[in-house]
Amino acid sequence: MLSSFIVRLVYFSNRFATAIVLLAFLISLGLGWYVKGHFKINTDINQLIAADLDWRMREAAVEKGFPQKSDLLVVVVDGNTPDAAESAAESLTLKLRTMPDRFSQVVRPDRIPFFLKNGLLFLSKDEININLDQMIQAEPMLGIMASDPSLRGFSDMIGLMIEGVERGETDYKDVDKPLNDIAATVEASLARQDKPLVLQGMGPVQKPSLRDLRKFILIKPVLDYTALEPGAASSNALRAVANDLQLTPDHGVRVRLTGSVALNDEEFASVAEGTGFAMILSGVLVLVILLLALRSLRLVIPILLTLIAGLIATTAFALAAIGSLNLISIAFAVMFIGIAVDFGIQFGVRYRDQHHLEPDHVKAMTRTARLIALPLTMAAGSTSLGFLAFIPTAYRGVSELGLIAGAGMLIAFILNITLLPALLAFTRPSAEPESVGYKWAAPVDAFIQTHRTKILVTALLIAFIGIGIATKVRFDFDPLNLKDPQTESVSTLFDAMKDPDFNSYTIAILRPSLKAAQQLADTLRKLPQVDHVLTLGSFVPEDQDAKLDLISDANIIFSPAMTETTPQTPPSDAEILVLLHKLAEDLHSIPNQPPSAVRLAKAIEEVVKRPDPLLLQRLHKNLVTVMQSKLESIKQSLSAESVTTDTITGDLRRDWITPDDKALIEVYPKGNPRDYKTLIAFTDAVRQIAPDATGTPISIQESGRTVTSAFIHAGFYALLAIAFLSYLILRRLRYVLILMAPLFLAGILTLATIVLIGLPLNFANIIAFPLLLSLGVSYSIYFVSYARAGLNNPLQSSMARAVLFSAATTLVAFGSLSLSSHPGTSGMGKLLTIALLYSLACSFFLLPALLTPSKFDKQ
């Protein structure tokens, strides 16, 4: 009945071709208009997995309590000097805070008021003494700037340095670098460039640490989840600001972006860029393969038009049924083309074969429909069921993909038995002069029939060996391994992670109170897998009394300089020029004319020669304003007070205590967290004590478990559904088992191979398995249907030609992805290629052995 219905439908479509084509055109036009007006992509990766899972709810609880810590852009500012880094970070921060339409939060974690006031308390007593000694040595000069914050005061400060050298109170070597740094700032100002004075050079020479040269800015950008790169607009605005502020390498500063927003944006861009060439290459190769398979544009063009109509209809269905595509379900387009083209090739090649036997177009079409009805229906039904089985899984990204791709297979099937025959009625390909099968395959058919037992035993032996190897397959749950390490965000993240306190693999735990959090933290610190643990209590400095005494003593010395006095009347430009002229003369008077003094004197003389108010303003900005900022910083640091958890201010407290007083614990791993064994040991140890822990290490592992579970369950459901459908149509359990055998062997061999070549499963390449299931079943169905029809020598038939070329189109479509520079896309392409090759090999060699006529057809 099914075959008869399809034959009549094909005949009807061919006879009323004009009406069918016109109707299809109008429907495609309407659906295309709908797609254009409703097309959306939801790029929010947080929605790819169901939110009601236990680990997702714990993750959401932390994000709800501390929303400022999620969806961040992390700006890494590196400077050639500490002052260059500080100045760049501060100027960038201040500018970004004026752009709330792009950035809802801009925070410098090292410059929040709490640390500006109490920062010295977190140093050791020796480190505090060193810092205070440097301040005390600079006190006379800083005092001058405090009482006269102008170029006049700055000039007096340099004069004091010169007097110290002339009196022998100061070694010239101690002022050589400061004079050179001041000269460099003046020279830059003369060149109309901003080069703030390097204040570190004003004290004793010491090698700056990485933390001195690197500053971080934490930004919460405004995201647009309808764009492929939700944070791109904000990131581009930030880069434009950095460029306008001349925060570039040629000015001694480098600004880079990382954090979850930048990582995800560059991931999407990298995938799109990496697949661009692959898509073009695969498109050309698919067209070439279609021409080789069908040898006529009169066949190729109708198939391509049918494919386009199906793609439009499936896209419209996706938008109507779900509302938007996600970052996984958008892959339905590639799958649709790769699989739906199989239906067209099967129809086209069988039509060519029948047209060779029957010159009349209508009769050849009817004979083709009769031959293709059963296998094409089974292939479409099985493929659709394979995808629909993913709907009930918790992996929403694949669940939606399953719905769309499953519906797409049915749409493709309907169009291939209606629109394609109608289009062929217009193009009417010429009758074939010879059979389209493979006569050269006769020896292969004979070999398989003769050595059937050996082939089956060999296949069984290979399967057993493969199972032993396949059990060692590993799932790589770290999404960083899927990203392109050459992108700015990834390379910057790896660079930043050299600092042990900048670690994205921390575990987060919420407790109802700070007391409970500190008790748990004490327990966690004893674990050998834990490096350190932070709570709000971690920001209460040790040995405060002794440190506060040191700071108090220094404050007494600095009080005169810090005490506000009546500000002096700002000097006029003319007065400044006179003072600068005298300063240049004083520099020339230093004994032995040190090069740094001569350099500064010449620069100042050049300023005097140019009585330019804008130049003096620039000098004030780059010399005086910087000194004022340093004075304010010292003043704040010398106002430190005793710290307790109760006195910690809100700017820090909000990162550790929720509005309802729940306390956060952050646990840092010991060792290399990017080593999966280290990370698993770390998370297992912590979760034994705190089962409700969350954070990146746990989320990525739980994501991996959710994904693999989704594929295992969906695969099981799909196999049951496909087996049931096959039994309904084939009516023999033996045929059903034979249908599944190549699929199982191909799966085993695929898993064993990726173990041997060191290619772990991951979030990207695991999608190869539903494709293997769908395509593998399709290939098997064609062979089984051929055998059920009582036909022998399958490899010589047009059926084998259709399967081979169909597999070839899919192979180049997916295999070309392996050429991508993006690791995730490349790995997916490699696994798809391996899976398809094994599926094809099993269909062409194992199935004919299982379907030997003497074994089955005589029953």
# chains A, B, ... in the order shown; residues from 1 in each chain; ligands from 1
call {"tool": "residues_around", "arguments": {"residues": "stretch 452-465 of chain A", "least_positions_apart": "2", "cutoff": "9 Å", "atoms": "only C-alpha atoms", "output": "PyMOL selection string"}}
result
chain A and resi 447-450+467-470+744-745+748-749+752+845-846+848-850+852
call {"tool": "write_last_selection", "arguments": {"atoms": "N, CA and C atoms", "output": "JSON list (two decimals), in the first residue's frame"}}
result
[["chain", "number", "residue", "atom", "x", "y", "z"],
["A", 447, "PHE", "N", 33.83, -12.06, -4.80],
["A", 447, "PHE", "CA", 34.71, -12.32, -3.66],
["A", 447, "PHE", "C", 33.91, -12.37, -2.36],
["A", 448, "ILE", "N", 32.99, -11.43, -2.20],
["A", 448, "ILE", "CA", 32.19, -11.38, -0.97],
["A", 448, "ILE", "C", 31.33, -12.63, -0.84],
["A", 449, "GLN", "N", 30.73, -13.06, -1.94],
["A", 449, "GLN", "CA", 29.89, -14.26, -1.90],
["A", 449, "GLN", "C", 30.71, -15.51, -1.61],
["A", 450, "THR", "N", 31.90, -15.55, -2.18],
["A", 450, "THR", "CA", 32.75, -16.74, -2.01],
["A", 450, "THR", "C", 33.35, -16.81, -0.62],
["A", 467, "ILE", "N", 35.89, -3.26, 20.66],
["A", 467, "ILE", "CA", 35.19, -2.99, 21.92],
["A", 467, "ILE", "C", 36.18, -2.81, 23.06],
["A", 468, "GLY", "N", 37.20, -3.65, 23.09],
["A", 468, "GLY", "CA", 38.22, -3.54, 24.14],
["A", 468, "GLY", "C", 38.93, -2.20, 24.11],
["A", 469, "ILE", "N", 39.19, -1.70, 22.90],
["A", 469, "ILE", "CA", 39.87, -0.40, 22.77],
["A", 469, "ILE", "C", 38.89, 0.75, 23.04],
["A", 470, "ALA", "N", 37.65, 0.59, 22.54],
["A", 470, "ALA", "CA", 36.66, 1.66, 22.65],
["A", 470, "ALA", "C", 36.29, 1.98, 24.09],
["A", 744, "PHE", "N", 26.43, -0.90, 14.26],
["A", 744, "PHE", "CA", 27.17, -1.18, 15.49],
["A", 744, "PHE", "C", 28.66, -1.31, 15.22],
["A", 745, "LEU", "N", 29.03, -2.01, 14.15],
["A", 745, "LEU", "CA", 30.44, -2.19, 13.85],
["A", 745, "LEU", "C", 31.11, -0.86, 13.53],
["A", 748, "ILE", "N", 31.65, 1.01, 16.78],
["A", 748, "ILE", "CA", 32.77, 0.45, 17.55],
["A", 748, "ILE", "C", 34.10, 0.87, 16.95],
["A", 749, "LEU", "N", 34.22, 0.76, 15.63],
["A", 749, "LEU", "CA", 35.47, 1.10, 14.96],
["A", 749, "LEU", "C", 35.78, 2.59, 15.09],
["A", 752, "ALA", "N", 37.04, 3.14, 18.66],
["A", 752, "ALA", "CA", 38.38, 2.55, 18.81],
["A", 752, "ALA", "C", 39.43, 3.42, 18.11],
["A", 845, "PHE", "N", 30.75, -3.83, 2.47],
["A", 845, "PHE", "CA", 31.42, -5.13, 2.55],
["A", 845, "PHE", "C", 30.78, -6.08, 3.56],
["A", 846, "LEU", "N", 30.35, -5.56, 4.71],
["A", 846, "LEU", "CA", 29.71, -6.45, 5.69],
["A", 846, "LEU", "C", 28.28, -6.79, 5.29],
["A", 848, "PRO", "N", 26.68, -6.92, 2.26],
["A", 848, "PRO", "CA", 26.52, -7.93, 1.21],
["A", 848, "PRO", "C", 26.84, -9.34, 1.70],
["A", 849, "ALA", "N", 27.80, -9.44, 2.63],
["A", 849, "ALA", "CA", 28.12, -10.76, 3.17],
["A", 849, "ALA", "C", 26.96, -11.30, 4.00],
["A", 850, "LEU", "N", 26.35, -10.43, 4.77],
["A", 850, "LEU", "CA", 25.20, -10.84, 5.58],
["A", 850, "LEU", "C", 23.97, -11.14, 4.72],
["A", 852, "THR", "N", 23.86, -12.49, 1.65],
["A", 852, "THR", "CA", 24.12, -13.45, 0.59],
["A", 852, "THR", "C", 22.83, -14.20, 0.26]]
call {"tool": "select_by_dssp", "arguments": {"residues": "stretch 371-400 of chain A", "states": "helix (DSSP H, G or I)", "output": "number ranges by chain"}}
result
A: 371-388, 396-400
call {"tool": "write_last_selection", "arguments": {"atoms": "N, CA, C and O atoms", "output": "PDB file, in the first residue's frame"}}
result
ATOM      1  N   LEU A 371      10.586   1.391  -7.338  1.00  0.00           N
ATOM      2  CA  LEU A 371      11.829   0.866  -6.766  1.00  0.00           C
ATOM      3  C   LEU A 371      12.261   1.631  -5.514  1.00  0.00           C
ATOM      4  O   LEU A 371      12.763   1.045  -4.556  1.00  0.00           O
ATOM      5  N   ILE A 372      12.051   2.926  -5.531  1.00  0.00           N
ATOM      6  CA  ILE A 372      12.601   3.764  -4.463  1.00  0.00           C
ATOM      7  C   ILE A 372      11.634   3.952  -3.306  1.00  0.00           C
ATOM      8  O   ILE A 372      12.030   4.382  -2.215  1.00  0.00           O
ATOM      9  N   ALA A 373      10.360   3.640  -3.500  1.00  0.00           N
ATOM     10  CA  ALA A 373       9.332   3.944  -2.497  1.00  0.00           C
ATOM     11  C   ALA A 373       9.674   3.394  -1.121  1.00  0.00           C
ATOM     12  O   ALA A 373       9.697   4.135  -0.125  1.00  0.00           O
ATOM     13  N   LEU A 374       9.917   2.103  -1.037  1.00  0.00           N
ATOM     14  CA  LEU A 374      10.156   1.478   0.259  1.00  0.00           C
ATOM     15  C   LEU A 374      11.473   1.931   0.896  1.00  0.00           C
ATOM     16  O   LEU A 374      11.466   2.398   2.042  1.00  0.00           O
ATOM     17  N   PRO A 375      12.604   1.818   0.212  1.00  0.00           N
ATOM     18  CA  PRO A 375      13.862   2.222   0.861  1.00  0.00           C
ATOM     19  C   PRO A 375      13.919   3.709   1.190  1.00  0.00           C
ATOM     20  O   PRO A 375      14.444   4.106   2.232  1.00  0.00           O
ATOM     21  N   LEU A 376      13.358   4.552   0.321  1.00  0.00           N
ATOM     22  CA  LEU A 376      13.399   5.981   0.598  1.00  0.00           C
ATOM     23  C   LEU A 376      12.521   6.331   1.797  1.00  0.00           C
ATOM     24  O   LEU A 376      12.883   7.157   2.637  1.00  0.00           O
ATOM     25  N   THR A 377      11.368   5.672   1.897  1.00  0.00           N
ATOM     26  CA  THR A 377      10.490   5.892   3.049  1.00  0.00           C
ATOM     27  C   THR A 377      11.168   5.441   4.334  1.00  0.00           C
ATOM     28  O   THR A 377      11.127   6.143   5.362  1.00  0.00           O
ATOM     29  N   MET A 378      11.787   4.267   4.294  1.00  0.00           N
ATOM     30  CA  MET A 378      12.477   3.769   5.479  1.00  0.00           C
ATOM     31  C   MET A 378      13.653   4.657   5.849  1.00  0.00           C
ATOM     32  O   MET A 378      13.883   4.947   7.031  1.00  0.00           O
ATOM     33  N   ALA A 379      14.391   5.098   4.846  1.00  0.00           N
ATOM     34  CA  ALA A 379      15.552   5.951   5.115  1.00  0.00           C
ATOM     35  C   ALA A 379      15.115   7.263   5.745  1.00  0.00           C
ATOM     36  O   ALA A 379      15.682   7.719   6.746  1.00  0.00           O
ATOM     37  N   ALA A 380      14.075   7.880   5.179  1.00  0.00           N
ATOM     38  CA  ALA A 380      13.587   9.141   5.727  1.00  0.00           C
ATOM     39  C   ALA A 380      13.003   8.951   7.117  1.00  0.00           C
ATOM     40  O   ALA A 380      13.263   9.744   8.039  1.00  0.00           O
ATOM     41  N   GLY A 381      12.213   7.891   7.278  1.00  0.00           N
ATOM     42  CA  GLY A 381      11.609   7.635   8.583  1.00  0.00           C
ATOM     43  C   GLY A 381      12.643   7.329   9.645  1.00  0.00           C
ATOM     44  O   GLY A 381      12.573   7.853  10.770  1.00  0.00           O
ATOM     45  N   SER A 382      13.622   6.509   9.307  1.00  0.00           N
ATOM     46  CA  SER A 382      14.656   6.143  10.272  1.00  0.00           C
ATOM     47  C   SER A 382      15.516   7.349  10.628  1.00  0.00           C
ATOM     48  O   SER A 382      15.841   7.567  11.810  1.00  0.00           O
ATOM     49  N   THR A 383      15.881   8.123   9.636  1.00  0.00           N
ATOM     50  CA  THR A 383      16.696   9.309   9.889  1.00  0.00           C
ATOM     51  C   THR A 383      15.942  10.307  10.762  1.00  0.00           C
ATOM     52  O   THR A 383      16.489  10.886  11.711  1.00  0.00           O
ATOM     53  N   SER A 384      14.675  10.498  10.459  1.00  0.00           N
ATOM     54  CA  SER A 384      13.848  11.414  11.246  1.00  0.00           C
ATOM     55  C   SER A 384      13.721  10.934  12.688  1.00  0.00           C
ATOM     56  O   SER A 384      13.874  11.721  13.627  1.00  0.00           O
ATOM     57  N   LEU A 385      13.474   9.646  12.879  1.00  0.00           N
ATOM     58  CA  LEU A 385      13.369   9.095  14.232  1.00  0.00           C
ATOM     59  C   LEU A 385      14.689   9.250  14.990  1.00  0.00           C
ATOM     60  O   LEU A 385      14.697   9.508  16.196  1.00  0.00           O
ATOM     61  N   GLY A 386      15.792   9.066  14.270  1.00  0.00           N
ATOM     62  CA  GLY A 386      17.103   9.209  14.899  1.00  0.00           C
ATOM     63  C   GLY A 386      17.306  10.591  15.484  1.00  0.00           C
ATOM     64  O   GLY A 386      17.875  10.748  16.570  1.00  0.00           O
ATOM     65  N   PHE A 387      16.802  11.605  14.788  1.00  0.00           N
ATOM     66  CA  PHE A 387      16.932  12.970  15.298  1.00  0.00           C
ATOM     67  C   PHE A 387      15.866  13.284  16.349  1.00  0.00           C
ATOM     68  O   PHE A 387      16.143  13.927  17.364  1.00  0.00           O
ATOM     69  N   LEU A 388      14.641  12.855  16.119  1.00  0.00           N
ATOM     70  CA  LEU A 388      13.556  13.156  17.054  1.00  0.00           C
ATOM     71  C   LEU A 388      13.789  12.540  18.421  1.00  0.00           C
ATOM     72  O   LEU A 388      13.239  13.012  19.423  1.00  0.00           O
ATOM     73  N   ARG A 396      19.333  20.961  25.783  1.00  0.00           N
ATOM     74  CA  ARG A 396      18.366  21.706  24.993  1.00  0.00           C
ATOM     75  C   ARG A 396      18.872  22.038  23.598  1.00  0.00           C
ATOM     76  O   ARG A 396      18.105  22.064  22.638  1.00  0.00           O
ATOM     77  N   GLY A 397      20.172  22.317  23.491  1.00  0.00           N
ATOM     78  CA  GLY A 397      20.731  22.658  22.185  1.00  0.00           C
ATOM     79  C   GLY A 397      20.502  21.547  21.184  1.00  0.00           C
ATOM     80  O   GLY A 397      20.033  21.776  20.059  1.00  0.00           O
ATOM     81  N   VAL A 398      20.792  20.308  21.591  1.00  0.00           N
ATOM     82  CA  VAL A 398      20.619  19.159  20.700  1.00  0.00           C
ATOM     83  C   VAL A 398      19.149  18.754  20.626  1.00  0.00           C
ATOM     84  O   VAL A 398      18.690  18.250  19.600  1.00  0.00           O
ATOM     85  N   SER A 399      18.404  18.969  21.710  1.00  0.00           N
ATOM     86  CA  SER A 399      16.978  18.656  21.701  1.00  0.00           C
ATOM     87  C   SER A 399      16.262  19.453  20.612  1.00  0.00           C
ATOM     88  O   SER A 399      15.456  18.899  19.842  1.00  0.00           O
ATOM     89  N   GLU A 400      16.548  20.744  20.537  1.00  0.00           N
ATOM     90  CA  GLU A 400      15.941  21.577  19.507  1.00  0.00           C
ATOM     91  C   GLU A 400      16.470  21.204  18.122  1.00  0.00           C
ATOM     92  O   GLU A 400      15.719  21.219  17.140  1.00  0.00           O
TER      93      GLU A 400
END
call {"tool": "closest_residue", "arguments": {"among": "A:Leu619, A:Leu120, A:Ala800, A:Ala768", "to": "A:Gly827", "atoms": "only C-alpha atoms"}}
result
A:Ala768
call {"tool": "closest_residue", "arguments": {"among": "A:Leu223, A:Asp44, A:Glu139, A:Asp52", "to": "A:Leu73", "atoms": "only C-alpha atoms"}}
result
A:Leu223
call {"tool": "residues_around", "arguments": {"residues": "A:Gly119", "least_positions_apart": "2", "cutoff": "12 Å", "atoms": "only C-alpha atoms", "output": "ChimeraX atom specification"}}
result
/A:109-117,121-124,127-128,131,539-541,544,547-548,551,633-634,636-643
call {"tool": "closest_residue", "arguments": {"among": "A:Ala88, A:Val21, A:Leu536, A:Leu580", "to": "A:Val76", "atoms": "only C-alpha atoms"}}
result
A:Ala88
call {"tool": "residues_around", "arguments": {"residues": "A:Ala237", "least_positions_apart": "6", "cutoff": "10 Å", "atoms": "only C-alpha atoms", "output": "CSV table (one decimal) with N, CA and C atoms, in the first residue's frame"}}
result
chain,number,residue,atom,x,y,z
A,96,LEU,N,35.4,54.6,30.3
A,96,LEU,CA,34.4,53.6,30.1
A,96,LEU,C,33.2,53.8,31.1
A,99,MET,N,30.1,55.5,29.7
A,99,MET,CA,29.4,54.9,28.6
A,99,MET,C,28.5,53.8,29.2
A,102,ARG,N,26.9,51.0,27.0
A,102,ARG,CA,27.7,49.9,26.6
A,102,ARG,C,28.2,49.1,27.8
A,103,PHE,N,28.5,49.7,28.9
A,103,PHE,CA,29.1,49.0,30.0
A,103,PHE,C,28.3,49.3,31.3
A,243,ASN,N,42.1,53.0,21.7
A,243,ASN,CA,42.9,53.6,20.6
A,243,ASN,C,42.9,55.1,20.7
